[in-house]
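Have a look at the structure below, then the notes.
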Amino acid sequence: LWGRCTDDPPGVIMDFSTGTFYAFSAPARVKMVYKQKYQEVIFAWGFREPVNRTISQYYYIARDRPKETWVNVSFPDQAQKILRSWWERFGGSCEKQTCLGTRGNNEGLFWIQSSLYYRHLRMWLDEGFRASQMVIYPGNLYMKHRDKLETNPVLQALRARVGQSTFNLSRAWRNGRAANKGSRAHVFPENATLVNEAKARLEEEIFAAENKKLFQLLAEEVGNGMTLVGYTGKAND
């Protein structure tokens, strides 16, 4: 949220952090930086398939923190903790992002916080940000066209909102660049059957209902000016 360019005029051009969208403090921080102009900021949010994002985050953090005790817990076992925390804390009924708490007071729910997109989006809208400020796209849509700078539908949507001259990636594109290709090796070998069973339970008991609410909210907000890249229906479809 604090990255600023040095060109004229100065300002925040883009924030690529995955940890700001769902942070409880993020809306207030944006308002603090932009003050009365906070409703002029354009947000671009890419949503990855939530169960895969949950397991990816688990392996990613485990890789970087090998000495922490929970790293020795397999993802299927961690999924059991997630489900137990989900139902014990509030029976899955509380829809606010803040209901989940933080990693410090609820280890189990930490792993799914970043994948509960309905709650994140609802939080920003409830804080007074407008749907018309938001460009939302499926993460795999960008990945599918990531090397096609001129025709990538996500980049086209962003240019339509902020201007071709303002958001022209080709000027910064370099040969030999380092890039995340969208895959990571597991920190430790897992039983594929158990992992798939754990993913299925997370989908059935948590994300199916969460995604349904997300789809309904997105369809509603298209009618309020939200850009939903790849969506061909009408508002409230």
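Naming works like this for the structure tokens: A, B, ... for the chains as they're shown, residue 1 at the start of each chain, ligands 1 onward in shown order.
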
- Please provide as a PyMOL selection string all residues within 10 Å of Arg130 (chain A), with the sequence filter that same-chain residues fewer than 6 positions apart are discarded (counting only C-alpha atoms). chain A and resi 38-42+124+221+224-226

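Residue neighbourhood of region 26-32 of chain A, excluding near-sequence residues (fewer than 3 positions): Leu1, Trp2, Gly19, Thr20, Phe21, Tyr22, Ala23, Lys35, Gln36, Lys37, Tyr38, Gln39, Val41, Met123, Trp124, Leu125, Asp126, Glu127, Gly128 and Phe129 of chain A, at 10 Å, using only C-alpha atoms.
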
Mind writing the picked residues with N, CA and C atoms as a PDB file, in the first residue's frame?
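Just written: again.pdb:
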ATOM      1  N   LEU A   1       0.813  -1.199   0.000  1.00  0.00           N
ATOM      2  CA  LEU A   1       0.000   0.000   0.000  1.00  0.00           C
ATOM      3  C   LEU A   1       0.851   1.256   0.000  1.00  0.00           C
ATOM      4  N   TRP A   2       2.155   1.127   0.213  1.00  0.00           N
ATOM      5  CA  TRP A   2       2.971   2.321   0.382  1.00  0.00           C
ATOM      6  C   TRP A   2       3.921   2.551  -0.779  1.00  0.00           C
ATOM      7  N   GLY A  19      -1.276  -9.832   0.496  1.00  0.00           N
ATOM      8  CA  GLY A  19      -1.645  -9.768   1.895  1.00  0.00           C
ATOM      9  C   GLY A  19      -2.408  -8.523   2.297  1.00  0.00           C
ATOM     10  N   THR A  20      -2.757  -7.670   1.347  1.00  0.00           N
ATOM     11  CA  THR A  20      -3.448  -6.433   1.698  1.00  0.00           C
ATOM     12  C   THR A  20      -4.945  -6.514   1.482  1.00  0.00           C
ATOM     13  N   PHE A  21      -5.389  -7.292   0.547  1.00  0.00           N
ATOM     14  CA  PHE A  21      -6.808  -7.340   0.204  1.00  0.00           C
ATOM     15  C   PHE A  21      -7.655  -7.780   1.392  1.00  0.00           C
ATOM     16  N   TYR A  22      -7.178  -8.779   2.133  1.00  0.00           N
ATOM     17  CA  TYR A  22      -7.984  -9.322   3.218  1.00  0.00           C
ATOM     18  C   TYR A  22      -7.560  -8.815   4.599  1.00  0.00           C
ATOM     19  N   ALA A  23      -6.555  -7.939   4.664  1.00  0.00           N
ATOM     20  CA  ALA A  23      -6.127  -7.399   5.953  1.00  0.00           C
ATOM     21  C   ALA A  23      -7.201  -6.483   6.522  1.00  0.00           C
ATOM     22  N   LYS A  35      -7.130  10.070   1.727  1.00  0.00           N
ATOM     23  CA  LYS A  35      -8.066  11.007   2.363  1.00  0.00           C
ATOM     24  C   LYS A  35      -9.360  11.104   1.563  1.00  0.00           C
ATOM     25  N   GLN A  36      -9.781  12.307   1.193  1.00  0.00           N
ATOM     26  CA  GLN A  36     -11.084  12.464   0.544  1.00  0.00           C
ATOM     27  C   GLN A  36     -11.116  11.885  -0.871  1.00  0.00           C
ATOM     28  N   LYS A  37      -9.960  11.508  -1.416  1.00  0.00           N
ATOM     29  CA  LYS A  37      -9.906  10.953  -2.767  1.00  0.00           C
ATOM     30  C   LYS A  37      -9.864   9.425  -2.778  1.00  0.00           C
ATOM     31  N   TYR A  38     -10.137   8.799  -1.641  1.00  0.00           N
ATOM     32  CA  TYR A  38      -9.997   7.338  -1.581  1.00  0.00           C
ATOM     33  C   TYR A  38     -10.948   6.620  -2.534  1.00  0.00           C
ATOM     34  N   GLN A  39     -12.055   7.253  -2.898  1.00  0.00           N
ATOM     35  CA  GLN A  39     -12.997   6.621  -3.824  1.00  0.00           C
ATOM     36  C   GLN A  39     -12.590   6.791  -5.286  1.00  0.00           C
ATOM     37  N   VAL A  41      -9.448   5.691  -6.196  1.00  0.00           N
ATOM     38  CA  VAL A  41      -8.442   4.647  -6.384  1.00  0.00           C
ATOM     39  C   VAL A  41      -9.059   3.481  -7.154  1.00  0.00           C
ATOM     40  N   MET A 123     -16.128  -6.574   2.903  1.00  0.00           N
ATOM     41  CA  MET A 123     -15.480  -5.667   3.834  1.00  0.00           C
ATOM     42  C   MET A 123     -15.177  -4.323   3.170  1.00  0.00           C
ATOM     43  N   TRP A 124     -14.620  -4.356   1.956  1.00  0.00           N
ATOM     44  CA  TRP A 124     -14.271  -3.110   1.265  1.00  0.00           C
ATOM     45  C   TRP A 124     -15.517  -2.320   0.893  1.00  0.00           C
ATOM     46  N   LEU A 125     -16.542  -3.007   0.441  1.00  0.00           N
ATOM     47  CA  LEU A 125     -17.784  -2.310   0.091  1.00  0.00           C
ATOM     48  C   LEU A 125     -18.432  -1.698   1.329  1.00  0.00           C
ATOM     49  N   ASP A 126     -18.413  -2.426   2.435  1.00  0.00           N
ATOM     50  CA  ASP A 126     -19.000  -1.916   3.675  1.00  0.00           C
ATOM     51  C   ASP A 126     -18.229  -0.713   4.211  1.00  0.00           C
ATOM     52  N   GLU A 127     -16.954  -0.591   3.835  1.00  0.00           N
ATOM     53  CA  GLU A 127     -16.135   0.534   4.289  1.00  0.00           C
ATOM     54  C   GLU A 127     -16.297   1.763   3.389  1.00  0.00           C
ATOM     55  N   GLY A 128     -17.203   1.684   2.424  1.00  0.00           N
ATOM     56  CA  GLY A 128     -17.493   2.854   1.610  1.00  0.00           C
ATOM     57  C   GLY A 128     -16.801   2.920   0.268  1.00  0.00           C
ATOM     58  N   PHE A 129     -16.049   1.883  -0.088  1.00  0.00           N
ATOM     59  CA  PHE A 129     -15.440   1.831  -1.416  1.00  0.00           C
ATOM     60  C   PHE A 129     -16.505   1.396  -2.427  1.00  0.00           C
TER      61      PHE A 129
END

- Task: Point out the residue among A:Ser115, A:Gln57, A:Gln133, A:Asn236 with the least atom-to-atom distance to Glu203 (chain A), counting only C-alpha atoms.
- Result: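 Smallest distance to Glu203 (chain A) is found for A:Ser115.
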
- Item | Which residue of A:Leu218, A:Leu158, A:Leu121, A:Val195 approaches Ala44 (chain A) most closely, using only C-alpha atoms |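 For Ala44 (chain A), the nearest of the candidates is A:Leu158.
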
- Kindly indicate which residue among A:Tyr34, A:Trp86, A:Trp45, A:Phe110 lies nearest to Tyr58 (chain A), using only C-alpha atoms for the distances. A:Phe110

- Message: Please report the interatomic distance between CA of Pro50 (chain A) and CA of Ala131 (chain A) in Å with one decimal.
- Response: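 So the answer is 21.5 Å.
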
- Provide the CA of Ile55 (chain A) to CA of Gln80 (chain A) distance in Å, to one decimal place.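 We find that CA of Ile55 (chain A) and CA of Gln80 (chain A) lie 12.8 Å from each other.
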
- Message: When you look at Gln156 (chain A) with a cut-off of 12 Å (counting only C-alpha atoms), what residues show up, excluding the ones that are within fewer than 5 positions of it in the same chain? I need them as a PyMOL selection string.
- Response: chain A and resi 135+137+142+145-146+148-151+161-164+167-169+227+229-230

Go ahead and dump the residues you just picked, all heavy atoms, as a short mmCIF file (atom, residue, chain, number, x, y, z; two decimals), in the first residue's frame.
data_model
loop_
_atom_site.label_atom_id
_atom_site.label_comp_id
_atom_site.auth_asym_id
_atom_site.auth_seq_id
_atom_site.Cartn_x
_atom_site.Cartn_y
_atom_site.Cartn_z
N VAL A 135 -11.66 -3.72 -10.44
CA VAL A 135 -11.46 -4.59 -11.60
C VAL A 135 -11.13 -5.97 -11.04
O VAL A 135 -10.09 -6.14 -10.40
CB VAL A 135 -10.32 -4.10 -12.51
CG1 VAL A 135 -10.12 -5.06 -13.68
CG2 VAL A 135 -10.60 -2.69 -13.01
N TYR A 137 -10.79 -10.22 -11.67
CA TYR A 137 -10.57 -11.20 -12.74
C TYR A 137 -10.16 -12.55 -12.16
O TYR A 137 -9.56 -12.61 -11.07
CB TYR A 137 -9.49 -10.70 -13.70
CG TYR A 137 -8.13 -10.48 -13.06
CD1 TYR A 137 -7.17 -11.48 -13.02
CD2 TYR A 137 -7.82 -9.25 -12.47
CE1 TYR A 137 -5.94 -11.27 -12.43
CE2 TYR A 137 -6.59 -9.04 -11.86
CZ TYR A 137 -5.65 -10.05 -11.86
OH TYR A 137 -4.43 -9.85 -11.27
N TYR A 142 -5.60 -14.49 -16.35
CA TYR A 142 -4.35 -13.75 -16.57
C TYR A 142 -3.21 -14.71 -16.90
O TYR A 142 -2.42 -14.47 -17.82
CB TYR A 142 -3.98 -12.93 -15.33
CG TYR A 142 -2.62 -12.29 -15.48
CD1 TYR A 142 -2.47 -11.12 -16.20
CD2 TYR A 142 -1.49 -12.89 -14.92
CE1 TYR A 142 -1.22 -10.54 -16.36
CE2 TYR A 142 -0.23 -12.32 -15.09
CZ TYR A 142 -0.11 -11.15 -15.80
OH TYR A 142 1.13 -10.60 -15.97
N HIS A 145 -2.90 -15.94 -20.45
CA HIS A 145 -2.47 -14.96 -21.46
C HIS A 145 -1.29 -14.12 -20.96
O HIS A 145 -1.06 -13.03 -21.48
CB HIS A 145 -3.63 -14.02 -21.80
CG HIS A 145 -4.85 -14.72 -22.31
ND1 HIS A 145 -4.99 -15.10 -23.64
CD2 HIS A 145 -5.98 -15.12 -21.68
CE1 HIS A 145 -6.17 -15.69 -23.80
NE2 HIS A 145 -6.78 -15.72 -22.63
N ARG A 146 -0.53 -14.62 -20.02
CA ARG A 146 0.46 -13.79 -19.33
C ARG A 146 1.54 -13.24 -20.25
O ARG A 146 2.13 -12.18 -19.99
CB ARG A 146 1.08 -14.54 -18.17
CG ARG A 146 1.92 -15.74 -18.54
CD ARG A 146 2.55 -16.34 -17.28
NE ARG A 146 3.40 -15.38 -16.60
CZ ARG A 146 3.62 -15.37 -15.29
NH1 ARG A 146 3.04 -16.27 -14.52
NH2 ARG A 146 4.42 -14.49 -14.75
N LYS A 148 1.09 -12.40 -23.43
CA LYS A 148 0.47 -11.65 -24.53
C LYS A 148 0.08 -10.26 -24.02
O LYS A 148 -1.07 -10.00 -23.65
CB LYS A 148 -0.75 -12.41 -25.05
CG LYS A 148 -0.41 -13.83 -25.53
CD LYS A 148 -1.67 -14.60 -25.90
CE LYS A 148 -1.33 -16.03 -26.30
NZ LYS A 148 -2.56 -16.83 -26.58
N LEU A 149 1.05 -9.37 -24.01
CA LEU A 149 0.85 -8.08 -23.37
C LEU A 149 -0.24 -7.25 -24.03
O LEU A 149 -0.97 -6.51 -23.37
CB LEU A 149 2.16 -7.29 -23.36
CG LEU A 149 3.28 -7.90 -22.53
CD1 LEU A 149 4.53 -7.05 -22.61
CD2 LEU A 149 2.86 -8.06 -21.08
N GLU A 150 -0.36 -7.34 -25.34
CA GLU A 150 -1.33 -6.49 -26.03
C GLU A 150 -2.75 -7.04 -25.97
O GLU A 150 -3.71 -6.28 -25.95
CB GLU A 150 -0.90 -6.28 -27.49
CG GLU A 150 0.45 -5.59 -27.64
CD GLU A 150 0.47 -4.22 -26.95
OE1 GLU A 150 -0.57 -3.53 -26.99
OE2 GLU A 150 1.50 -3.86 -26.37
N THR A 151 -2.88 -8.37 -25.94
CA THR A 151 -4.21 -8.98 -26.04
C THR A 151 -4.69 -9.63 -24.75
O THR A 151 -5.81 -10.12 -24.70
CB THR A 151 -4.23 -10.04 -27.16
OG1 THR A 151 -3.24 -11.06 -26.87
CG2 THR A 151 -3.91 -9.41 -28.51
N ARG A 161 -9.37 1.18 -17.76
CA ARG A 161 -9.68 1.94 -16.55
C ARG A 161 -8.66 3.03 -16.24
O ARG A 161 -9.03 4.10 -15.75
CB ARG A 161 -9.78 0.98 -15.35
CG ARG A 161 -10.89 -0.05 -15.46
CD ARG A 161 -12.26 0.61 -15.58
NE ARG A 161 -12.56 1.46 -14.46
CZ ARG A 161 -13.15 1.03 -13.33
NH1 ARG A 161 -13.48 -0.25 -13.21
NH2 ARG A 161 -13.41 1.85 -12.35
N VAL A 162 -7.37 2.76 -16.48
CA VAL A 162 -6.35 3.73 -16.07
C VAL A 162 -5.62 4.38 -17.23
O VAL A 162 -4.82 5.29 -17.01
CB VAL A 162 -5.32 3.06 -15.13
CG1 VAL A 162 -6.00 2.50 -13.90
CG2 VAL A 162 -4.54 1.96 -15.85
N GLY A 163 -5.88 3.93 -18.46
CA GLY A 163 -5.27 4.57 -19.61
C GLY A 163 -4.10 3.79 -20.17
O GLY A 163 -3.28 3.24 -19.44
N GLN A 164 -4.01 3.74 -21.49
CA GLN A 164 -2.96 3.01 -22.18
C GLN A 164 -1.58 3.53 -21.81
O GLN A 164 -0.65 2.77 -21.56
CB GLN A 164 -3.15 3.10 -23.69
CG GLN A 164 -2.07 2.41 -24.51
CD GLN A 164 -2.14 0.90 -24.42
OE1 GLN A 164 -3.22 0.36 -24.37
NE2 GLN A 164 -0.99 0.23 -24.42
N PHE A 167 -0.61 2.60 -18.05
CA PHE A 167 -0.39 1.19 -17.73
C PHE A 167 0.07 0.47 -18.99
O PHE A 167 -0.68 -0.25 -19.63
CB PHE A 167 -1.67 0.57 -17.19
CG PHE A 167 -1.47 -0.79 -16.57
CD1 PHE A 167 -0.79 -0.92 -15.37
CD2 PHE A 167 -1.96 -1.93 -17.17
CE1 PHE A 167 -0.59 -2.16 -14.79
CE2 PHE A 167 -1.78 -3.18 -16.60
CZ PHE A 167 -1.09 -3.29 -15.41
N ASN A 168 1.33 0.70 -19.34
CA ASN A 168 1.90 0.10 -20.54
C ASN A 168 3.06 -0.79 -20.13
O ASN A 168 4.19 -0.34 -20.00
CB ASN A 168 2.37 1.19 -21.50
CG ASN A 168 2.82 0.61 -22.84
OD1 ASN A 168 2.94 -0.62 -22.98
ND2 ASN A 168 3.08 1.46 -23.80
N LEU A 169 2.77 -2.07 -19.91
CA LEU A 169 3.78 -2.99 -19.39
C LEU A 169 4.91 -3.23 -20.37
O LEU A 169 6.01 -3.60 -19.96
CB LEU A 169 3.14 -4.32 -19.01
CG LEU A 169 2.28 -4.32 -17.76
CD1 LEU A 169 1.77 -5.72 -17.49
CD2 LEU A 169 3.05 -3.83 -16.56
N THR A 227 -15.95 -3.84 -12.86
CA THR A 227 -15.44 -4.52 -14.03
C THR A 227 -15.11 -5.96 -13.65
O THR A 227 -14.24 -6.20 -12.81
CB THR A 227 -14.17 -3.84 -14.58
OG1 THR A 227 -14.49 -2.50 -14.97
CG2 THR A 227 -13.61 -4.60 -15.78
N VAL A 229 -13.78 -9.08 -15.35
CA VAL A 229 -13.13 -9.50 -16.60
C VAL A 229 -13.56 -10.93 -16.96
O VAL A 229 -13.49 -11.84 -16.14
CB VAL A 229 -11.60 -9.43 -16.48
CG1 VAL A 229 -10.95 -9.78 -17.82
CG2 VAL A 229 -11.17 -8.04 -16.02
N GLY A 230 -14.00 -11.09 -18.20
CA GLY A 230 -14.43 -12.40 -18.68
C GLY A 230 -15.91 -12.69 -18.47
O GLY A 230 -16.42 -13.69 -18.97
#

Considering only C-alpha atoms, return as a PDB file with N, CA, C and O atoms, in the first residue's frame whatever protein or nucleic-acid residues lie within 12 Å of Gln216 (chain A), sequence-local ones (same chain, fewer than 5 positions apart) excluded.
ATOM      1  N   TYR A 118     -15.481 -13.603  -0.773  1.00  0.00           N
ATOM      2  CA  TYR A 118     -16.736 -12.900  -0.517  1.00  0.00           C
ATOM      3  C   TYR A 118     -16.583 -11.966   0.674  1.00  0.00           C
ATOM      4  O   TYR A 118     -17.007 -10.806   0.638  1.00  0.00           O
ATOM      5  N   LEU A 121     -14.308  -8.866  -0.187  1.00  0.00           N
ATOM      6  CA  LEU A 121     -14.984  -7.887  -1.031  1.00  0.00           C
ATOM      7  C   LEU A 121     -16.078  -7.156  -0.260  1.00  0.00           C
ATOM      8  O   LEU A 121     -16.240  -5.930  -0.367  1.00  0.00           O
ATOM      9  N   ARG A 122     -16.822  -7.903   0.549  1.00  0.00           N
ATOM     10  CA  ARG A 122     -17.876  -7.308   1.356  1.00  0.00           C
ATOM     11  C   ARG A 122     -17.293  -6.288   2.330  1.00  0.00           C
ATOM     12  O   ARG A 122     -17.883  -5.229   2.564  1.00  0.00           O
ATOM     13  N   ALA A 209     -20.419 -22.861  -0.121  1.00  0.00           N
ATOM     14  CA  ALA A 209     -21.335 -21.806   0.305  1.00  0.00           C
ATOM     15  C   ALA A 209     -20.708 -20.428   0.163  1.00  0.00           C
ATOM     16  O   ALA A 209     -21.374 -19.461  -0.238  1.00  0.00           O
ATOM     17  N   GLU A 210     -19.416 -20.315   0.485  1.00  0.00           N
ATOM     18  CA  GLU A 210     -18.730 -19.032   0.356  1.00  0.00           C
ATOM     19  C   GLU A 210     -18.695 -18.572  -1.103  1.00  0.00           C
ATOM     20  O   GLU A 210     -18.924 -17.397  -1.405  1.00  0.00           O
ATOM     21  N   ASN A 211     -18.413 -19.499  -2.013  1.00  0.00           N
ATOM     22  CA  ASN A 211     -18.337 -19.142  -3.428  1.00  0.00           C
ATOM     23  C   ASN A 211     -19.695 -18.747  -3.984  1.00  0.00           C
ATOM     24  O   ASN A 211     -19.800 -17.854  -4.827  1.00  0.00           O
ATOM     25  N   GLU A 221     -22.854  -6.477  -8.210  1.00  0.00           N
ATOM     26  CA  GLU A 221     -22.015  -5.287  -8.285  1.00  0.00           C
ATOM     27  C   GLU A 221     -21.624  -4.920  -9.712  1.00  0.00           C
ATOM     28  O   GLU A 221     -21.207  -3.791  -9.960  1.00  0.00           O
ATOM     29  N   VAL A 222     -21.754  -5.848 -10.644  1.00  0.00           N
ATOM     30  CA  VAL A 222     -21.565  -5.485 -12.054  1.00  0.00           C
ATOM     31  C   VAL A 222     -22.542  -4.371 -12.423  1.00  0.00           C
ATOM     32  O   VAL A 222     -22.215  -3.448 -13.169  1.00  0.00           O
ATOM     33  N   GLY A 223     -23.737  -4.449 -11.864  1.00  0.00           N
ATOM     34  CA  GLY A 223     -24.731  -3.417 -12.110  1.00  0.00           C
ATOM     35  C   GLY A 223     -24.386  -2.086 -11.479  1.00  0.00           C
ATOM     36  O   GLY A 223     -24.971  -1.053 -11.824  1.00  0.00           O
ATOM     37  N   ALA A 235     -26.084  -7.819 -15.290  1.00  0.00           N
ATOM     38  CA  ALA A 235     -26.124  -7.637 -13.839  1.00  0.00           C
ATOM     39  C   ALA A 235     -27.215  -8.498 -13.231  1.00  0.00           C
ATOM     40  O   ALA A 235     -28.306  -8.643 -13.783  1.00  0.00           O
ATOM     41  N   ASN A 236     -26.878  -9.126 -12.102  1.00  0.00           N
ATOM     42  CA  ASN A 236     -27.801  -9.967 -11.331  1.00  0.00           C
ATOM     43  C   ASN A 236     -28.133 -11.292 -12.014  1.00  0.00           C
ATOM     44  O   ASN A 236     -29.049 -11.985 -11.575  1.00  0.00           O
ATOM     45  N   ASP A 237     -27.411 -11.647 -13.072  1.00  0.00           N
ATOM     46  CA  ASP A 237     -27.604 -12.978 -13.678  1.00  0.00           C
ATOM     47  C   ASP A 237     -27.126 -14.065 -12.715  1.00  0.00           C
ATOM     48  O   ASP A 237     -26.148 -13.881 -12.018  1.00  0.00           O
TER      49      ASP A 237
END
